[in-house]
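One structure is given here, and the rest of the page talks about it.
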Amino acid sequence: MDKITIEQSKTLFQMAQRQFDEAAALLDLSSGMRAFLRVPMQELHIRFPVRMDDGSTRVFEGFRVQYNSARGPTKGGLRFHPEETIDTVRALAAWMTWKTAVVDLPLGGAKGGVVCDVKKLSVGELERVSRRYIRHISRNLGVNEDIPAPDMYTTPQIMAWMLDEFESIRGYSEFGVITGKPLALGGSIGRVDATARGGMYAIREAARVLGMHTAGATMAVQGFGNVGKYTATLGEELLGCKVVAVSDIGGALYNDKGFDTGELFNYQMTHGGLVSTYPEGERISNKELLELEVDILAPAALENVITAENAPRIKSKIVAELANGPTTPDADAILVDKGIYVIPDILCNSGGVIVSNFEMVQNVYGYYWGTNRVHERLDRKISTAFIDMHQRAKELGVNNRKAAYAVAIERVAEAVRLRGWVD
Ligand code: NAD
């Protein structure tokens with residue numbers, strides 16, 4: 001078996017544990033602390049029946065992993081995906097724990113999911129699946145316990161149904177129990193593009209460290225969903241980048257003169273969310289997009305897209321990990337050797353959970369902020385986290401990912417120690 005096959009045979013959670021182990025080895029942690037932090041504290045596996053439109057009953061499977069609650073109530077999105085597994089949810093819950101810690105939010109990490117294909121469900125069936133799932137995990141939810149949010153194939157409308165179900169069980173209003181809600185139900189201004197916007201602030205900081213100008217810098221964006229479409233538009237608007245490549249599940253497009261990202265945005269709105277059918281630009285593959293000679297590469301679609309196989313051919317100066325887990329650990333080492341500046345996912349895409357935390361705060365206060373306040377506070381959070389990571393990287397003589405993990409793990413370990421859970 002060659003190296004690539006070995007790497008690909010690893011599960012996402014094994015990858016998350018390897019990232020943890022590599023950073024933990026740099027720190028002065030007891031063996032008990034390491035053993036405790038490399039596994040989730042609590043996992044719910046549920047099966048629940050839902051009446052379908054044709055009168056039949058289908059049994060759905062769902063998960064909620066509450067990875068670590070030492071720093072506060074656990075927080076993390078809910079994914080509705082036909083290939084969802086407990087392993088993926090575990091990995092994502094671990095990453096949420098390190099993400100909330102590296103940007104210093106008073107939260108732990110969690111993730112949830114239901115095995116289902118939303119494209120094959122009617123609106124009524126989707127609502128019943130959403131309500132049933134939340135009913136089954138409601139005992140373990142609450143603004144002081146665990147707070148879900150939207151993620152892959154879950155939307156503000158789904159969050160609204162879930163909030164309503166939760167409140168009807170409890171018998172009182174608790175807006176802060178779910179974030180990513182519609183504005184009319186206590187959502188926050190600025191949540192929609194928060195992940196991409198936070199990523200742009202991180203790229204701006206990286207460019208500062210590298211002495212690089214973002215104005216006119218070329219950018220390639222993989223994926224044109226919630227994160228990718230705003231990465232492209234804000235890359236142009238906030239950083240002055242020339243977005244030369246974009247893609248979605250249908251393929252990629254290249255234009256060396258740069259796309260009008262506003263036009264691409266409008267196009268996908270009227271073409272089923274797809275940008276790959278846009279009539280202008282050269283058609284290339286998603287694989288080719290990743291290997292373009294650009295200043296900034298922003299994977300914003302899937303995990304495991306930069307592997308030991310293609311990493312030697314990545315030519316960008318910066319890899320901004322807007323997706324979760326886009327780079328495998330073996331690929332990471334190759335990118336570092338090549339001198340590519342990687343902004344790790346736990347920091348680069350933390351804008352979403354930061355504004356989700358702002359949403360909880362606003363819900364608790366019952367007082368809502370304007371756009372500028374949200375953007376300024378998001379900027380401050382990400383920029384501070386970036387400086388923490390950068391300084392730790394210099395102190396330890398390690399790459400950004402290890403430094404970001406080191407900052408995060410130390411913060412979680414300190415909370416665990418102070419609580420007296422583990423020495
Ligand atoms: P999404 O479902 O809205 O969009 C995903 C996009 O990726 C779509 O454009 C889809 O066509 C494209 N895609 C799917 N398969 C592809 C492939 N093989 N090649 C190229 N493109 C492909 O999802 P999203 O919310 O934008 O999330 C994207 C990534 O960002 C995920 O890794 C997610 O975990 C991560 N993330 C999202 C948020 C958030 O706030 N939405 C926050 C943090 C991290």
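Ordering of the structure tokens sets the chain letters (A, B, ...), residue numbers begin anew at 1 in every chain, and ligands are numbered from 1 in the order given.
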| said: Can you pull out the residues contacting range 35-40 of chain A? Cut-off 7 Å, using only C-alpha atoms, and skip same-chain residues under 6 positions away; I want them as a ChimeraX atom specification. | reply: /A:17,20,65-68
| said: Can you pull out every residue with an atom within 9 Å of ligand 1? Use only C-alpha atoms and all ligand atoms and format it as a count of residues only. | reply: 59
| message | Could you pull out the strand (DSSP E or B) residues of range 97-134 of chain A, going by DSSP on the backbone, and write them as an NGL selection string? | response | :A and (108-114)
| Quick one: residues within 7 Å of Ala217 in chain A, only C-alpha atoms counted, chain neighbours fewer than 5 positions away excluded, as number ranges by chain? | A: 241-242, 295
| message | Would you pick out the contacts of Ala311 in chain A at 9 Å or less, using only C-alpha atoms, so that residues sharing its chain but fewer than 2 positions from it are not included, and give the list as a PyMOL selection string? | response | chain A and resi 291+306-309+313-315+327+330-332+334-335
| task | Write out as an NGL selection string each polymer residue whose atoms come within 8 Å of His81 in chain A, counting only C-alpha atoms; drop sequence neighbours fewer than 4 positions from it. | result | :A and (113-118 or 152-153)
Would you list the contacts of Ala207 in chain A as an mmCIF file with N, CA and C atoms, in the first residue's frame, taking every protein, DNA or RNA residue within 9 Å and counting only C-alpha atoms, but skipping same-chain residues closer than 6 positions in sequence?
data_model
loop_
_atom_site.group_PDB
_atom_site.id
_atom_site.type_symbol
_atom_site.label_atom_id
_atom_site.label_comp_id
_atom_site.auth_asym_id
_atom_site.auth_seq_id
_atom_site.Cartn_x
_atom_site.Cartn_y
_atom_site.Cartn_z
ATOM 1 N N HIS A 213 0.499 42.665 -1.223
ATOM 2 C CA HIS A 213 -0.691 43.509 -1.447
ATOM 3 C C HIS A 213 -1.834 42.631 -1.934
ATOM 4 N N THR A 214 -2.994 42.820 -1.331
ATOM 5 C CA THR A 214 -4.127 42.024 -1.823
ATOM 6 C C THR A 214 -4.788 42.694 -3.028
ATOM 7 N N ILE A 318 -0.852 31.818 -0.740
ATOM 8 C CA ILE A 318 -1.651 31.618 0.478
ATOM 9 C C ILE A 318 -2.713 30.552 0.198
#
I'd like the neighbourhood of Ala215 in chain A as a compact mmCIF listing (two decimals) with all heavy atoms, in the first residue's frame, where a residue qualifies if any of its atoms comes within 10 Å (using only C-alpha atoms), though same-chain residues fewer than 5 positions away should be ignored.
# COMPACT_ATOMS: atom_id res chain seq x y z
N GLY A 235 -13.91 38.89 -1.57
CA GLY A 235 -12.50 38.92 -1.99
C GLY A 235 -12.28 40.10 -2.91
O GLY A 235 -11.28 40.83 -2.81
N GLU A 236 -13.24 40.32 -3.79
CA GLU A 236 -13.14 41.46 -4.71
C GLU A 236 -13.44 42.77 -3.97
O GLU A 236 -12.68 43.74 -4.06
CB GLU A 236 -14.12 41.26 -5.88
CG GLU A 236 -13.90 42.25 -7.01
CD GLU A 236 -14.86 42.04 -8.18
OE1 GLU A 236 -15.75 41.16 -8.13
OE2 GLU A 236 -14.73 42.81 -9.16
N GLU A 237 -14.53 42.76 -3.19
CA GLU A 237 -15.00 44.01 -2.56
C GLU A 237 -14.09 44.50 -1.43
O GLU A 237 -13.73 45.68 -1.38
CB GLU A 237 -16.41 43.74 -2.01
CG GLU A 237 -17.15 44.96 -1.51
CD GLU A 237 -18.44 44.52 -0.81
OE1 GLU A 237 -19.15 43.64 -1.35
OE2 GLU A 237 -18.72 45.05 0.29
N LEU A 238 -13.71 43.59 -0.51
CA LEU A 238 -12.94 44.01 0.67
C LEU A 238 -11.44 44.03 0.42
O LEU A 238 -10.73 44.86 0.99
CB LEU A 238 -13.22 43.09 1.86
CG LEU A 238 -14.63 43.04 2.44
CD1 LEU A 238 -14.66 42.10 3.63
CD2 LEU A 238 -15.08 44.42 2.86
N LEU A 239 -10.95 43.08 -0.38
CA LEU A 239 -9.49 42.96 -0.54
C LEU A 239 -9.00 43.46 -1.89
O LEU A 239 -7.80 43.56 -2.11
CB LEU A 239 -9.06 41.49 -0.38
CG LEU A 239 -9.42 40.80 0.94
CD1 LEU A 239 -8.98 39.34 0.92
CD2 LEU A 239 -8.76 41.52 2.12
N GLY A 240 -9.93 43.73 -2.81
CA GLY A 240 -9.52 44.19 -4.14
C GLY A 240 -8.90 43.09 -4.98
O GLY A 240 -8.16 43.36 -5.93
N CYS A 241 -9.17 41.83 -4.62
CA CYS A 241 -8.57 40.71 -5.37
C CYS A 241 -9.22 40.58 -6.75
O CYS A 241 -10.37 40.98 -6.97
CB CYS A 241 -8.79 39.39 -4.63
SG CYS A 241 -7.83 39.27 -3.13
N LYS A 242 -8.46 39.94 -7.65
CA LYS A 242 -8.99 39.60 -8.97
C LYS A 242 -9.36 38.12 -8.90
O LYS A 242 -8.47 37.26 -8.77
CB LYS A 242 -7.89 39.85 -10.00
CG LYS A 242 -8.32 39.75 -11.43
CD LYS A 242 -7.31 40.44 -12.35
CE LYS A 242 -6.19 39.48 -12.68
NZ LYS A 242 -5.36 39.88 -13.80
